[in-house]
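> The structure that follows is given in the form of structure tokens.
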Amino acid sequence: MQIQTAQDVQRLMAGLIDSTWAFSALAAAMELGLLDALDPACSAADAAAKTGVTTDVARALLDILVSLGLTQREGDRYQATLGASQSLLEAQRDDVLAWLRSTHFQSRGLVDAARHGSLQAGWIHTDPEILQAQGRTGRAPIHAMAAQVFPQLPGLEDRLRSPDATFLDVGIGVGIISIEMCRIYPQLRVVGLEPGEVQAAEARRNIAAASLEDRIEVRPQRLEELTDRESFDLIYLPQVFMPIEVVRDGLSRVHRALRPGGWVFVLAITAPGEDLHASTTRLLNVMWGGSPLLAEEVADVTRSAGFESVQVGGPPGSLMKSIMGRRSV
């Protein structure tokens, strides 16, 4: 839509405000367990009693969920739609809640920083609540990669299930990806690089809670300091948090750190185009500290570092794209 008049601006603002409140209503409903309260179908008053809010609040939130297609209303009774039940109320519920929390915390931080004149690029968050929410968003994608991508890469699945399997998690954060990798591959041992003190402390706490201290090592180290050679079968490199200069040097270090035939998994999120989705991916990439590179550009950098069989993929419909490359056997 081209903005040509004041009325166009007003309509745009009204639509964005509606979207913002709809997002907040969904996040609030998930935090309250409001969708869970609709099994079985019940009135707004019954849902309110289950979640500790007033009937008016419950009804207002539920009506927004109706407008979003997540619930349906028959008379005075509400019920979650089939899609909402399958995506929000089963195993994925915590993953969806993590995305909502992470988006809410970070977008609020963006506005607050701009308001106080302190807005800058880069991942600067140290609030454990933000770190845990962002970290949790990695759980579903790594399971999707393990189910759909890793088995298609020559030799990787056998390596990850072998007794001496090793995985390097660059920027382990709060440890969620490493923990899930250990759960998927029972013999895997992990080294996680994490220079951030708060992040490393949160990672160790999560690792201890998962009883995986004997399989996951957290090193207070940056990628630029990696000197391991022929030590790992798979290395995860989240380019989205790193400027291109660090990625170029880091991929060379990663290449040396892989065993012959091992694979690197590089993460990219920037999408091409001038539409809102593409523009949002570039903003996220910059605010997370990475250079806004398209997946094919990351693939070219990966090839330049000496990797072969470089390919771009990722879970269908996902914001994230994976670039896989192999060190020659």
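Starting from 1 in every chain, residues are counted up; chains themselves are A, B, ... following the order of the structure tokens, and ligands are numbered from 1 as listed.
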Could I get the residues of stretch 234-292 of chain A with an atom no further than 12 Å from an atom of stretch 164-185 of chain A, each paired with its nearest atom pair and that distance in Å to one decimal, using only C-alpha atoms, sorted by chain and residue number, as a Markdown table?

```
| residue | atom | partner | partner_atom | distance |
| --- | --- | --- | --- | --- |
| A:Leu234 | CA | A:Phe167 | CA | 5.0 |
| A:Ile235 | CA | A:Leu168 | CA | 4.6 |
| A:Tyr236 | CA | A:Asp169 | CA | 5.1 |
| A:Leu237 | CA | A:Val170 | CA | 5.5 |
| A:Pro238 | CA | A:Val170 | CA | 7.1 |
| A:Gln239 | CA | A:Val170 | CA | 9.7 |
| A:Val240 | CA | A:Gly171 | CA | 11.0 |
| A:Phe241 | CA | A:Gly171 | CA | 8.7 |
| A:Met242 | CA | A:Gly171 | CA | 10.0 |
| A:Val247 | CA | A:Val170 | CA | 11.2 |
| A:Gly250 | CA | A:Val170 | CA | 9.8 |
| A:Leu251 | CA | A:Val170 | CA | 11.1 |
| A:Arg253 | CA | A:Val170 | CA | 11.5 |
| A:Val254 | CA | A:Leu168 | CA | 9.2 |
| A:His255 | CA | A:Leu168 | CA | 11.9 |
| A:Ala257 | CA | A:Leu168 | CA | 9.1 |
| A:Leu258 | CA | A:Leu168 | CA | 9.1 |
| A:Arg259 | CA | A:Thr166 | CA | 9.7 |
| A:Gly262 | CA | A:Phe167 | CA | 10.0 |
| A:Trp263 | CA | A:Phe167 | CA | 9.9 |
| A:Val264 | CA | A:Leu168 | CA | 9.4 |
| A:Phe265 | CA | A:Asp169 | CA | 9.9 |
| A:Val266 | CA | A:Val170 | CA | 10.1 |
| A:Leu267 | CA | A:Val170 | CA | 11.2 |
```
> Next, dump the selected residues to file, keeping only C-alpha atoms, as a JSON list (two decimals), in the first residue's frame.

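Writing done, so here's part_14.json:
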```json
[["chain", "number", "residue", "atom", "x", "y", "z"],
["A", 234, "LEU", "CA", 29.29, -31.30, 13.74],
["A", 235, "ILE", "CA", 29.67, -27.60, 14.52],
["A", 236, "TYR", "CA", 26.82, -25.13, 14.88],
["A", 237, "LEU", "CA", 27.68, -21.55, 13.91],
["A", 238, "PRO", "CA", 24.87, -18.98, 14.37],
["A", 239, "GLN", "CA", 25.91, -16.38, 11.81],
["A", 240, "VAL", "CA", 22.90, -14.26, 12.80],
["A", 241, "PHE", "CA", 24.74, -13.15, 15.95],
["A", 242, "MET", "CA", 28.09, -12.41, 14.27],
["A", 247, "VAL", "CA", 32.12, -15.35, 10.36],
["A", 250, "GLY", "CA", 35.43, -18.29, 12.27],
["A", 251, "LEU", "CA", 34.57, -20.59, 9.38],
["A", 253, "ARG", "CA", 38.74, -22.06, 12.39],
["A", 254, "VAL", "CA", 35.67, -24.28, 12.26],
["A", 255, "HIS", "CA", 37.04, -26.03, 9.17],
["A", 257, "ALA", "CA", 38.27, -27.98, 14.15],
["A", 258, "LEU", "CA", 36.13, -30.48, 12.23],
["A", 259, "ARG", "CA", 37.18, -34.05, 11.72],
["A", 262, "GLY", "CA", 32.47, -33.56, 9.48],
["A", 263, "TRP", "CA", 29.79, -30.94, 8.88],
["A", 264, "VAL", "CA", 29.19, -27.31, 9.79],
["A", 265, "PHE", "CA", 25.66, -25.99, 10.28],
["A", 266, "VAL", "CA", 25.43, -22.21, 9.77],
["A", 267, "LEU", "CA", 22.26, -20.30, 10.64]]
```
> Which neighbours of stretch 91-106 of chain A fall inside 7 Å, counting only C-alpha atoms, when residues of the same chain fewer than 5 positions from it are skipped, and could you give them as number ranges by chain?
A: 27, 30, 130, 133-134, 136-137, 140
> Mind dumping the selected residues with C-alpha atoms as a short mmCIF file (atom, residue, chain, number, x, y, z; two decimals), in the first residue's frame?

```cif
data_model
loop_
_atom_site.label_atom_id
_atom_site.label_comp_id
_atom_site.auth_asym_id
_atom_site.auth_seq_id
_atom_site.Cartn_x
_atom_site.Cartn_y
_atom_site.Cartn_z
CA ALA A 27 0.74 -13.85 24.51
CA MET A 30 -0.86 -18.32 26.51
CA ILE A 130 15.11 -12.78 27.87
CA ALA A 133 13.06 -17.21 26.21
CA GLN A 134 15.39 -16.73 23.24
CA ARG A 136 14.06 -21.94 24.19
CA THR A 137 13.21 -20.86 20.62
CA ALA A 140 11.92 -26.93 17.89
#
```
> Please return, as a PyMOL selection string, all residues of stretch 250-326 of chain A that DSSP assigns to strand (DSSP E) on the basis of the backbone.
chain A and resi 258-268+308-313+321-326
> Compile the contact shell of A:Pro260 as a PyMOL selection string: residues with an atom at most 6 Å away, counting only C-alpha atoms, same-chain residues fewer than 2 positions apart removed.
chain A and resi 262+327-329
> Go through A:Leu188, A:Leu16, A:Val198, A:Met145 and flag the residue nearest A:Asp214, using only C-alpha atoms for the distances.
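Of A:Leu188, A:Leu16, A:Val198, A:Met145, the one nearest A:Asp214 is A:Leu188, counting only C-alpha atoms.
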> For atom CA of A:Pro243 and atom CA of A:Val286, quote the distance in Å rounded to one decimal.
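Atom CA of A:Pro243 sits 8.9 Å away from atom CA of A:Val286.
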> Would you work out the distance separating atom CA of A:Val301 from atom CA of A:Ile244, expressed in Å to one decimal?
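For atom CA of A:Val301 relative to atom CA of A:Ile244, the distance reads 9.0 Å.
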> Can you measure atom CA of A:Asp76 to atom CA of A:Ile17 for me? One decimal in Å is fine.
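Value for the atom CA of A:Asp76-atom CA of A:Ile17 distance: 27.7 Å.
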> Within 12 Å of stretch 33-45 of chain A, which residues of stretch 70-134 of chain A show up? Give each one with its shortest atom-to-atom distance in Å (one decimal) and the two atoms involved, counting only C-alpha atoms, rows by chain then rising residue number, as JSON lines.

```
{"residue": "A:Leu70", "atom": "CA", "partner": "A:Leu35", "partner_atom": "CA", "distance": 8.8}
{"residue": "A:Thr71", "atom": "CA", "partner": "A:Leu35", "partner_atom": "CA", "distance": 8.1}
{"residue": "A:Gln72", "atom": "CA", "partner": "A:Ala41", "partner_atom": "CA", "distance": 9.5}
{"residue": "A:Arg73", "atom": "CA", "partner": "A:Ala41", "partner_atom": "CA", "distance": 9.1}
{"residue": "A:Glu74", "atom": "CA", "partner": "A:Ala41", "partner_atom": "CA", "distance": 9.5}
{"residue": "A:Gly75", "atom": "CA", "partner": "A:Ser43", "partner_atom": "CA", "distance": 8.9}
{"residue": "A:Asp76", "atom": "CA", "partner": "A:Ser43", "partner_atom": "CA", "distance": 5.5}
{"residue": "A:Arg77", "atom": "CA", "partner": "A:Ser43", "partner_atom": "CA", "distance": 4.3}
{"residue": "A:Tyr78", "atom": "CA", "partner": "A:Ala41", "partner_atom": "CA", "distance": 5.4}
{"residue": "A:Gln79", "atom": "CA", "partner": "A:Ala41", "partner_atom": "CA", "distance": 4.6}
{"residue": "A:Ala80", "atom": "CA", "partner": "A:Leu38", "partner_atom": "CA", "distance": 6.3}
{"residue": "A:Thr81", "atom": "CA", "partner": "A:Leu35", "partner_atom": "CA", "distance": 9.7}
{"residue": "A:Leu82", "atom": "CA", "partner": "A:Asp39", "partner_atom": "CA", "distance": 11.6}
{"residue": "A:Gly83", "atom": "CA", "partner": "A:Leu35", "partner_atom": "CA", "distance": 12.0}
{"residue": "A:Ala84", "atom": "CA", "partner": "A:Leu35", "partner_atom": "CA", "distance": 8.4}
{"residue": "A:Ser85", "atom": "CA", "partner": "A:Leu35", "partner_atom": "CA", "distance": 8.3}
{"residue": "A:Gln86", "atom": "CA", "partner": "A:Leu35", "partner_atom": "CA", "distance": 11.6}
{"residue": "A:Ser87", "atom": "CA", "partner": "A:Leu35", "partner_atom": "CA", "distance": 11.4}
{"residue": "A:Leu88", "atom": "CA", "partner": "A:Leu35", "partner_atom": "CA", "distance": 8.2}
{"residue": "A:Leu89", "atom": "CA", "partner": "A:Asp36", "partner_atom": "CA", "distance": 6.6}
{"residue": "A:Glu90", "atom": "CA", "partner": "A:Asp36", "partner_atom": "CA", "distance": 9.7}
{"residue": "A:Arg93", "atom": "CA", "partner": "A:Gly33", "partner_atom": "CA", "distance": 10.0}
{"residue": "A:Asp94", "atom": "CA", "partner": "A:Gly33", "partner_atom": "CA", "distance": 11.1}
{"residue": "A:Leu97", "atom": "CA", "partner": "A:Gly33", "partner_atom": "CA", "distance": 10.5}
```
> How would the residues just chosen look if you wrote them out with C-alpha atoms as a PDB file, in the first residue's frame?

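For reference, again.pdb as written:
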```
ATOM      1  CA  LEU A  70      -7.619 -19.755  17.164  1.00  0.00           C
ATOM      2  CA  THR A  71     -10.925 -20.248  18.976  1.00  0.00           C
ATOM      3  CA  GLN A  72     -14.543 -20.579  17.921  1.00  0.00           C
ATOM      4  CA  ARG A  73     -17.675 -19.467  19.733  1.00  0.00           C
ATOM      5  CA  GLU A  74     -21.063 -21.173  19.753  1.00  0.00           C
ATOM      6  CA  GLY A  75     -23.559 -19.293  21.873  1.00  0.00           C
ATOM      7  CA  ASP A  76     -21.747 -18.462  25.094  1.00  0.00           C
ATOM      8  CA  ARG A  77     -19.265 -21.345  24.841  1.00  0.00           C
ATOM      9  CA  TYR A  78     -15.719 -21.117  23.491  1.00  0.00           C
ATOM     10  CA  GLN A  79     -13.532 -23.892  22.127  1.00  0.00           C
ATOM     11  CA  ALA A  80     -10.029 -23.962  20.676  1.00  0.00           C
ATOM     12  CA  THR A  81      -9.940 -24.671  16.934  1.00  0.00           C
ATOM     13  CA  LEU A  82      -8.292 -27.851  15.672  1.00  0.00           C
ATOM     14  CA  GLY A  83      -5.243 -25.941  14.463  1.00  0.00           C
ATOM     15  CA  ALA A  84      -4.792 -24.201  17.796  1.00  0.00           C
ATOM     16  CA  SER A  85      -5.161 -27.491  19.651  1.00  0.00           C
ATOM     17  CA  GLN A  86      -2.525 -29.175  17.514  1.00  0.00           C
ATOM     18  CA  SER A  87      -0.041 -26.298  17.459  1.00  0.00           C
ATOM     19  CA  LEU A  88      -0.496 -24.494  20.779  1.00  0.00           C
ATOM     20  CA  LEU A  89      -1.824 -27.006  23.267  1.00  0.00           C
ATOM     21  CA  GLU A  90       0.337 -30.055  22.693  1.00  0.00           C
ATOM     22  CA  ARG A  93       3.032 -25.068  23.532  1.00  0.00           C
ATOM     23  CA  ASP A  94       6.203 -24.127  25.408  1.00  0.00           C
ATOM     24  CA  LEU A  97       5.292 -19.356  24.364  1.00  0.00           C
TER      25      LEU A  97
END
```
> From the options A:Leu68, A:Leu284, A:Ile323, A:Glu202, which residue's atoms come nearest to A:Gly135, counting only C-alpha atoms?
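Distance minimum relative to A:Gly135 lands on A:Glu202.
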> Residues of stretch 91-296 of chain A classed as helix (DSSP H, G or I) by DSSP on the backbone are to be reported as a PyMOL selection string.
chain A and resi 93-115+128-136+139-148+150-152+156-160+176-184+197-209+223-225+239-241+244-257+276-287+295-296
> Considering only C-alpha atoms, state which residue in the set A:Val66, A:Val191, A:Val9, A:Ala25 is at the smallest distance from A:Val218.
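That would be A:Val191, the residue with the smallest distance to A:Val218.
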> Find the residues around A:Ala201 up to 12 Å (only C-alpha atoms counted), leave out those fewer than 3 positions away in its own chain, and share them as a list in words.
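The filter keeps Thr126, Asp127, Pro128, Leu131, Gln132, Ile172, Gly173, Val174, Gly175, Glu194, Pro195, Gly196, Glu197, Val198, Arg204, Arg205, Asn206, Ile207, Ala208, Val218, Arg219 and Pro220 of chain A.
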> At a cut-off of 9 Å, using only C-alpha atoms, what residues contact stretch 271-277 of chain A? Leave out same-chain residues fewer than 4 positions from it and give the result as a PyMOL selection string.
chain A and resi 281-282+292-295+319
